[in-house]
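Listing of start00.cif; format and content: mmCIF, C-alpha atoms; chains and numbers go by the auth columns.
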data_upload
#
loop_
_atom_site.group_PDB
_atom_site.id
_atom_site.type_symbol
_atom_site.label_atom_id
_atom_site.label_comp_id
_atom_site.label_asym_id
_atom_site.label_seq_id
_atom_site.Cartn_x
_atom_site.Cartn_y
_atom_site.Cartn_z
_atom_site.B_iso_or_equiv
_atom_site.auth_seq_id
_atom_site.auth_asym_id
ATOM 1 C CA MET A 1 16.173 2.843 7.913 0.00 1 C
ATOM 2 C CA ASP A 2 14.196 6.053 7.800 0.00 2 C
ATOM 3 C CA PRO A 3 15.282 7.796 4.592 0.00 3 C
ATOM 4 C CA SER A 4 15.439 11.160 6.298 0.00 4 C
ATOM 5 C CA GLU A 5 18.273 9.931 8.525 0.00 5 C
ATOM 6 C CA ASP A 6 20.741 10.463 5.666 0.00 6 C
ATOM 7 C CA LYS A 7 22.622 13.594 6.622 0.00 7 C
ATOM 8 C CA PRO A 8 25.238 14.412 4.012 0.00 8 C
ATOM 9 C CA GLY A 9 28.134 16.228 5.571 0.00 9 C
ATOM 10 C CA GLY A 10 26.558 16.090 9.023 0.00 10 C
ATOM 11 C CA THR A 11 24.100 18.881 8.228 0.00 11 C
ATOM 12 C CA VAL A 12 20.999 19.446 10.306 0.00 12 C
ATOM 13 C CA ASP A 13 17.894 17.856 8.825 0.00 13 C
ATOM 14 C CA ILE A 14 15.096 20.301 9.576 0.00 14 C
ATOM 15 C CA TYR A 15 12.501 17.516 9.299 0.00 15 C
ATOM 16 C CA ARG A 16 14.253 15.249 11.814 0.00 16 C
ATOM 17 C CA ASP A 17 16.452 17.411 14.027 0.00 17 C
ATOM 18 C CA THR A 18 14.259 20.427 14.832 0.00 18 C
ATOM 19 C CA TRP A 19 10.820 21.223 16.230 0.00 19 C
ATOM 20 C CA VAL A 20 9.407 20.878 12.696 0.00 20 C
ATOM 21 C CA ARG A 21 9.407 17.096 13.142 0.00 21 C
ATOM 22 C CA PHE A 22 6.530 17.450 15.603 0.00 22 C
ATOM 23 C CA LEU A 23 4.276 18.563 12.727 0.00 23 C
ATOM 24 C CA GLY A 24 4.361 14.932 11.628 0.00 24 C
ATOM 25 C CA TYR A 25 2.445 14.051 14.799 0.00 25 C
ATOM 26 C CA ALA A 26 -0.365 16.535 14.138 0.00 26 C
ATOM 27 C CA ASN A 27 -2.830 13.923 12.921 0.00 27 C
ATOM 28 C CA GLU A 28 -2.192 11.709 15.943 0.00 28 C
ATOM 29 C CA VAL A 29 -2.979 14.635 18.229 0.00 29 C
ATOM 30 C CA GLY A 30 -6.035 15.391 16.086 0.00 30 C
ATOM 31 C CA GLU A 31 -7.241 11.799 16.440 0.00 31 C
ATOM 32 C CA ALA A 32 -6.709 11.921 20.203 0.00 32 C
ATOM 33 C CA PHE A 33 -8.931 15.023 20.369 0.00 33 C
ATOM 34 C CA ARG A 34 -11.571 13.669 17.952 0.00 34 C
ATOM 35 C CA ALA A 35 -14.120 13.171 20.741 0.00 35 C
ATOM 36 C CA LEU A 36 -13.797 16.820 21.788 0.00 36 C
ATOM 37 C CA VAL A 37 -13.398 18.841 18.599 0.00 37 C
ATOM 38 C CA PRO A 38 -15.306 19.232 15.342 0.00 38 C
ATOM 39 C CA VAL A 39 -14.287 16.714 12.682 0.00 39 C
ATOM 40 C CA GLY A 40 -12.904 19.584 10.579 0.00 40 C
ATOM 41 C CA VAL A 41 -10.188 20.099 13.185 0.00 41 C
ATOM 42 C CA VAL A 42 -9.204 16.439 12.891 0.00 42 C
ATOM 43 C CA TRP A 43 -9.064 16.696 9.092 0.00 43 C
ATOM 44 C CA GLY A 44 -7.017 19.873 9.474 0.00 44 C
ATOM 45 C CA SER A 45 -4.513 17.948 11.582 0.00 45 C
ATOM 46 C CA TYR A 46 -4.194 15.459 8.709 0.00 46 C
ATOM 47 C CA ALA A 47 -3.558 18.361 6.323 0.00 47 C
ATOM 48 C CA VAL A 48 -0.714 19.587 8.552 0.00 48 C
ATOM 49 C CA ALA A 49 0.829 16.100 8.797 0.00 49 C
ATOM 50 C CA THR A 50 0.483 15.537 5.043 0.00 50 C
ATOM 51 C CA ALA A 51 2.125 18.894 4.324 0.00 51 C
ATOM 52 C CA TYR A 52 5.010 17.821 6.591 0.00 52 C
ATOM 53 C CA VAL A 53 5.366 14.510 4.740 0.00 53 C
ATOM 54 C CA THR A 54 5.303 16.236 1.356 0.00 54 C
ATOM 55 C CA ALA A 55 7.813 18.889 2.409 0.00 55 C
ATOM 56 C CA ASP A 56 10.183 16.229 3.764 0.00 56 C
ATOM 57 C CA ALA A 57 9.944 14.231 0.517 0.00 57 C
ATOM 58 C CA VAL A 58 10.644 17.341 -1.588 0.00 58 C
ATOM 59 C CA ASP A 59 13.580 18.227 0.676 0.00 59 C
ATOM 60 C CA LYS A 60 15.075 14.749 0.289 0.00 60 C
ATOM 61 C CA GLY A 61 14.636 14.996 -3.488 0.00 61 C
ATOM 62 C CA LYS A 62 16.489 18.319 -3.536 0.00 62 C
ATOM 63 C CA LYS A 63 19.297 16.837 -1.444 0.00 63 C
ATOM 64 C CA ALA A 64 19.533 13.837 -3.793 0.00 64 C
ATOM 65 C CA ALA A 65 19.727 16.191 -6.774 0.00 65 C
ATOM 66 C CA LEU A 66 22.597 18.096 -5.135 0.00 66 C
ATOM 67 C CA VAL A 67 24.479 14.864 -4.435 0.00 67 C
ATOM 68 C CA SER A 68 23.978 13.732 -8.054 0.00 68 C
ATOM 69 C CA ALA A 69 25.129 17.105 -9.358 0.00 69 C
ATOM 70 C CA ARG A 70 28.403 16.687 -7.456 0.00 70 C
ATOM 71 C CA GLY A 71 29.084 13.483 -9.404 0.00 71 C
ATOM 72 C CA GLN A 72 28.806 11.112 -6.495 0.00 72 C
ATOM 73 C CA PRO A 73 27.684 7.609 -7.507 0.00 73 C
ATOM 74 C CA ARG A 74 23.895 7.293 -7.255 0.00 74 C
ATOM 75 C CA PRO A 75 21.159 5.309 -9.003 0.00 75 C
ATOM 76 C CA ASP A 76 20.000 6.647 -12.389 0.00 76 C
ATOM 77 C CA HIS A 77 16.970 8.266 -10.801 0.00 77 C
ATOM 78 C CA PRO A 78 18.215 9.385 -7.374 0.00 78 C
ATOM 79 C CA VAL A 79 15.719 12.196 -7.045 0.00 79 C
ATOM 80 C CA ALA A 80 12.719 10.011 -7.842 0.00 80 C
ATOM 81 C CA VAL A 81 13.946 7.280 -5.504 0.00 81 C
ATOM 82 C CA ALA A 82 14.555 9.769 -2.685 0.00 82 C
ATOM 83 C CA VAL A 83 11.166 11.442 -3.101 0.00 83 C
ATOM 84 C CA VAL A 84 9.155 8.227 -3.452 0.00 84 C
ATOM 85 C CA ASP A 85 10.968 6.423 -0.655 0.00 85 C
ATOM 86 C CA THR A 86 10.651 9.336 1.765 0.00 86 C
ATOM 87 C CA PHE A 87 7.041 10.054 0.856 0.00 87 C
ATOM 88 C CA VAL A 88 5.927 6.424 1.190 0.00 88 C
ATOM 89 C CA TRP A 89 7.875 5.927 4.421 0.00 89 C
ATOM 90 C CA GLN A 90 6.589 9.143 5.989 0.00 90 C
ATOM 91 C CA ALA A 91 3.014 8.627 4.773 0.00 91 C
ATOM 92 C CA LEU A 92 2.898 5.190 6.370 0.00 92 C
ATOM 93 C CA ALA A 93 4.945 5.904 9.517 0.00 93 C
ATOM 94 C CA SER A 94 3.743 9.441 10.233 0.00 94 C
ATOM 95 C CA VAL A 95 0.179 9.621 8.942 0.00 95 C
ATOM 96 C CA ILE A 96 -1.641 6.428 7.967 0.00 96 C
ATOM 97 C CA ILE A 97 -0.619 3.829 10.556 0.00 97 C
ATOM 98 C CA PRO A 98 -0.379 6.113 13.609 0.00 98 C
ATOM 99 C CA GLY A 99 -3.598 7.920 12.707 0.00 99 C
ATOM 100 C CA PHE A 100 -5.455 4.628 12.412 0.00 100 C
ATOM 101 C CA THR A 101 -3.861 3.309 15.613 0.00 101 C
ATOM 102 C CA ILE A 102 -4.755 6.340 17.742 0.00 102 C
ATOM 103 C CA ASN A 103 -8.256 6.427 16.205 0.00 103 C
ATOM 104 C CA ARG A 104 -8.887 2.817 17.217 0.00 104 C
ATOM 105 C CA VAL A 105 -7.342 3.217 20.687 0.00 105 C
ATOM 106 C CA CYS A 106 -9.575 6.223 21.340 0.00 106 C
ATOM 107 C CA ALA A 107 -12.683 4.549 19.915 0.00 107 C
ATOM 108 C CA ALA A 108 -12.070 1.459 22.064 0.00 108 C
ATOM 109 C CA SER A 109 -11.393 3.629 25.122 0.00 109 C
ATOM 110 C CA LEU A 110 -14.562 5.661 24.703 0.00 110 C
ATOM 111 C CA TYR A 111 -16.622 2.501 24.152 0.00 111 C
ATOM 112 C CA THR A 112 -15.072 0.744 27.170 0.00 112 C
ATOM 113 C CA LEU A 113 -15.588 3.769 29.416 0.00 113 C
ATOM 114 C CA ARG A 114 -19.225 4.006 28.305 0.00 114 C
ATOM 115 C CA LYS A 115 -19.818 0.323 29.106 0.00 115 C
ATOM 116 C CA THR A 116 -17.854 0.120 32.367 0.00 116 C
ATOM 117 C CA THR A 117 -18.312 3.477 34.114 0.00 117 C
ATOM 118 C CA ARG A 118 -21.068 5.882 35.006 0.00 118 C
ATOM 119 C CA TRP A 119 -18.858 8.885 34.346 0.00 119 C
ATOM 120 C CA PRO A 120 -20.417 11.878 32.633 0.00 120 C
ATOM 121 C CA LEU A 121 -19.855 12.061 28.874 0.00 121 C
ATOM 122 C CA ALA A 122 -17.450 15.008 29.169 0.00 122 C
ATOM 123 C CA VAL A 123 -15.243 13.074 31.615 0.00 123 C
ATOM 124 C CA ARG A 124 -15.237 10.017 29.322 0.00 124 C
ATOM 125 C CA LYS A 125 -14.268 12.180 26.333 0.00 125 C
ATOM 126 C CA TRP A 126 -11.431 13.921 28.179 0.00 126 C
ATOM 127 C CA THR A 127 -10.211 10.561 29.522 0.00 127 C
ATOM 128 C CA THR A 128 -10.262 9.138 25.993 0.00 128 C
ATOM 129 C CA THR A 129 -8.231 12.108 24.771 0.00 129 C
ATOM 130 C CA ALA A 130 -5.700 11.630 27.576 0.00 130 C
ATOM 131 C CA ILE A 131 -5.401 7.925 26.728 0.00 131 C
ATOM 132 C CA GLY A 132 -4.893 8.752 23.041 0.00 132 C
ATOM 133 C CA LEU A 133 -2.234 11.373 23.759 0.00 133 C
ATOM 134 C CA SER A 134 -0.417 9.111 26.200 0.00 134 C
ATOM 135 C CA THR A 135 -0.375 6.300 23.626 0.00 135 C
ATOM 136 C CA ILE A 136 1.538 8.325 21.015 0.00 136 C
ATOM 137 C CA PRO A 137 5.051 7.938 22.492 0.00 137 C
ATOM 138 C CA PHE A 138 4.621 4.176 22.766 0.00 138 C
ATOM 139 C CA ILE A 139 3.610 3.569 19.157 0.00 139 C
ATOM 140 C CA ILE A 140 6.296 5.628 17.381 0.00 140 C
ATOM 141 C CA THR A 141 9.253 3.216 17.490 0.00 141 C
ATOM 142 C CA PRO A 142 7.286 0.009 16.749 0.00 142 C
ATOM 143 C CA ILE A 143 5.571 1.684 13.788 0.00 143 C
ATOM 144 C CA ASP A 144 8.841 3.130 12.448 0.00 144 C
ATOM 145 C CA ARG A 145 10.559 -0.265 12.653 0.00 145 C
ATOM 146 C CA SER A 146 7.588 -2.016 11.051 0.00 146 C
ATOM 147 C CA VAL A 147 7.554 0.442 8.157 0.00 147 C
ATOM 148 C CA ASP A 148 11.323 -0.007 7.748 0.00 148 C
ATOM 149 C CA PHE A 149 10.799 -3.765 7.531 0.00 149 C
ATOM 150 C CA LEU A 150 7.864 -3.397 5.140 0.00 150 C
ATOM 151 C CA LEU A 151 9.743 -1.120 2.744 0.00 151 C
ATOM 152 C CA ASP A 152 12.971 -3.127 3.009 0.00 152 C
ATOM 153 C CA SER A 153 10.935 -6.217 2.091 0.00 153 C
ATOM 154 C CA SER A 154 9.099 -4.628 -0.816 0.00 154 C
ATOM 155 C CA LEU A 155 9.618 -1.223 -2.412 0.00 155 C
ATOM 156 C CA ARG A 156 13.317 -0.923 -1.600 0.00 156 C
ATOM 157 C CA LYS A 157 13.982 -4.288 -3.213 0.00 157 C
ATOM 158 C CA ILE A 158 12.741 -2.790 -6.476 0.00 158 C
ATOM 159 C CA TYR A 159 15.261 0.053 -6.197 0.00 159 C
ATOM 160 C CA ASN A 160 18.061 -2.427 -5.507 0.00 160 C
ATOM 161 C CA GLU A 161 16.991 -4.700 -8.397 0.00 161 C
ATOM 162 C CA GLU A 162 17.145 -1.765 -10.804 0.00 162 C
ATOM 163 C CA GLU A 163 20.714 -1.035 -9.695 0.00 163 C
ATOM 164 C CA LYS A 164 21.762 -4.690 -10.217 0.00 164 C
ATOM 165 C CA HIS A 165 20.633 -4.663 -13.852 0.00 165 C
ATOM 166 C CA LYS A 166 22.828 -1.728 -14.821 0.00 166 C
#

Could you write out this file's structure as structure tokens?
Amino acid sequence: MDPSEDKPGGTVDIYRDTWVRFLGYANEVGEAFRALVPVGVVWGSYAVATAYVTADAVDKGKKAALVSARGQPRPDHPVAVAVVDTFVWQALASVIIPGFTINRVCAASLYTLRKTTRWPLAVRKWTTTAIGLSTIPFIITPIDRSVDFLLDSSLRKIYNEEEKHK
């Protein structure tokens, strides 16, 4: 499960429950617009998404530290686990996999439009951008679930093994 879904005391998680969560999609939007904007804009979108991921990981570390300070049972290194787990999950689910996916969808779309239509380049580029943007909502849930499975099958087993040996 997405580590940022832990909401102690039912508090609002700014990185999941507010408009701030859309900053995590910045690189996907940047990739969708790659054909139309300078590459620096695309890299800037990755900077925004990476800042979101980092801020979420720091926030989850702070929340884990508060829970530990209250004496609630937690692993020996709850802050490190919270930060690493959130950062890895968010980096994969919000930046790396979706960015690559939208990049490849747009590249394939632009190539296919070039080979199969006689549309002007500007029309092909705008169509590619529209295809990329319209793909984003369809990839979110499958990527999130895949990253959950990946981390549950790997990194999170390490955390659980450490707890068993104590």

Run the PyMOL selection byres ((chain C and resi 76-85) around 9) mentally over the shown coordinates, then write out the matched residues as a list in words, using the chain letters and numbers from the document.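 Given this file, the PyMOL selection byres ((chain C and resi 76-85) around 9) evaluates to Pro3, Thr54, Asp56, Ala57, Val58, Asp59, Lys60, Gly61, Lys62, Lys63, Ala64, Ala65, Val67, Ser68, Arg74, Pro75, Thr86, Phe87, Val88, Trp89, Gln90, Leu151, Leu155, Arg156, Tyr159 and Glu163 of chain C.
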
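Rounded to one decimal, atom CA of C:Pro142 and atom CA of C:Arg34 lie 23.3 Å from each other.
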
Excluding C:Ile102 and any residue of its chain fewer than 3 positions from it, enumerate the residues within 8 Å of it, using all atoms listed in the file, and give them as a PDB file with C-alpha atoms, keeping the file's coordinate frame.
ATOM      1  CA  GLU C  28      -2.192  11.709  15.943  1.00  0.00           C
ATOM      2  CA  GLU C  31      -7.241  11.799  16.440  1.00  0.00           C
ATOM      3  CA  ALA C  32      -6.709  11.921  20.203  1.00  0.00           C
ATOM      4  CA  PRO C  98      -0.379   6.113  13.609  1.00  0.00           C
ATOM      5  CA  GLY C  99      -3.598   7.920  12.707  1.00  0.00           C
ATOM      6  CA  VAL C 105      -7.342   3.217  20.687  1.00  0.00           C
ATOM      7  CA  CYS C 106      -9.575   6.223  21.340  1.00  0.00           C
ATOM      8  CA  GLY C 132      -4.893   8.752  23.041  1.00  0.00           C
ATOM      9  CA  THR C 135      -0.375   6.300  23.626  1.00  0.00           C
ATOM     10  CA  ILE C 136       1.538   8.325  21.015  1.00  0.00           C
TER      11      ILE C 136
END

Restricting the calculation to all atoms listed in the file, which member of C:Ala55, C:Val29, C:Leu66, C:Ile14 is positioned closest to C:Leu133? C:Val29

Report, in Å to a single decimal, how far apart atom CA of C:Val95 and atom CA of C:Ile131 are. 18.7 Å

Closest-contact table, stretch 47-67 of chain C side, partner stretch 16-26 of chain C, 8 Å, counting only C-alpha atoms, as a tab-separated table:
residue	atom	partner	partner_atom	distance
C:Val48	CA	C:Ala26	CA	6.4
C:Ala49	CA	C:Gly24	CA	4.7
C:Thr50	CA	C:Gly24	CA	7.7
C:Tyr52	CA	C:Gly24	CA	5.8
C:Val53	CA	C:Gly24	CA	7.0

Selection export as an mmCIF file, in the coordinates of the input, atoms kept: C-alpha atoms:
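What landed in again_24.cif:
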data_model
loop_
_atom_site.group_PDB
_atom_site.id
_atom_site.type_symbol
_atom_site.label_atom_id
_atom_site.label_comp_id
_atom_site.auth_asym_id
_atom_site.auth_seq_id
_atom_site.Cartn_x
_atom_site.Cartn_y
_atom_site.Cartn_z
ATOM 1 C CA VAL C 48 -0.714 19.587 8.552
ATOM 2 C CA ALA C 49 0.829 16.100 8.797
ATOM 3 C CA THR C 50 0.483 15.537 5.043
ATOM 4 C CA TYR C 52 5.010 17.821 6.591
ATOM 5 C CA VAL C 53 5.366 14.510 4.740
#

Please list as a PyMOL selection string every residue within 8 Å of C:Val42, counting all atoms listed in the file and excluding residues in the same chain fewer than 3 positions away. chain C and resi 27+30-31+33-34+37-39+45-46

Any idea what the distance is between atom CA of C:Trp43 and atom CA of C:Leu113?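 These atoms are spaced 25.0 Å apart.
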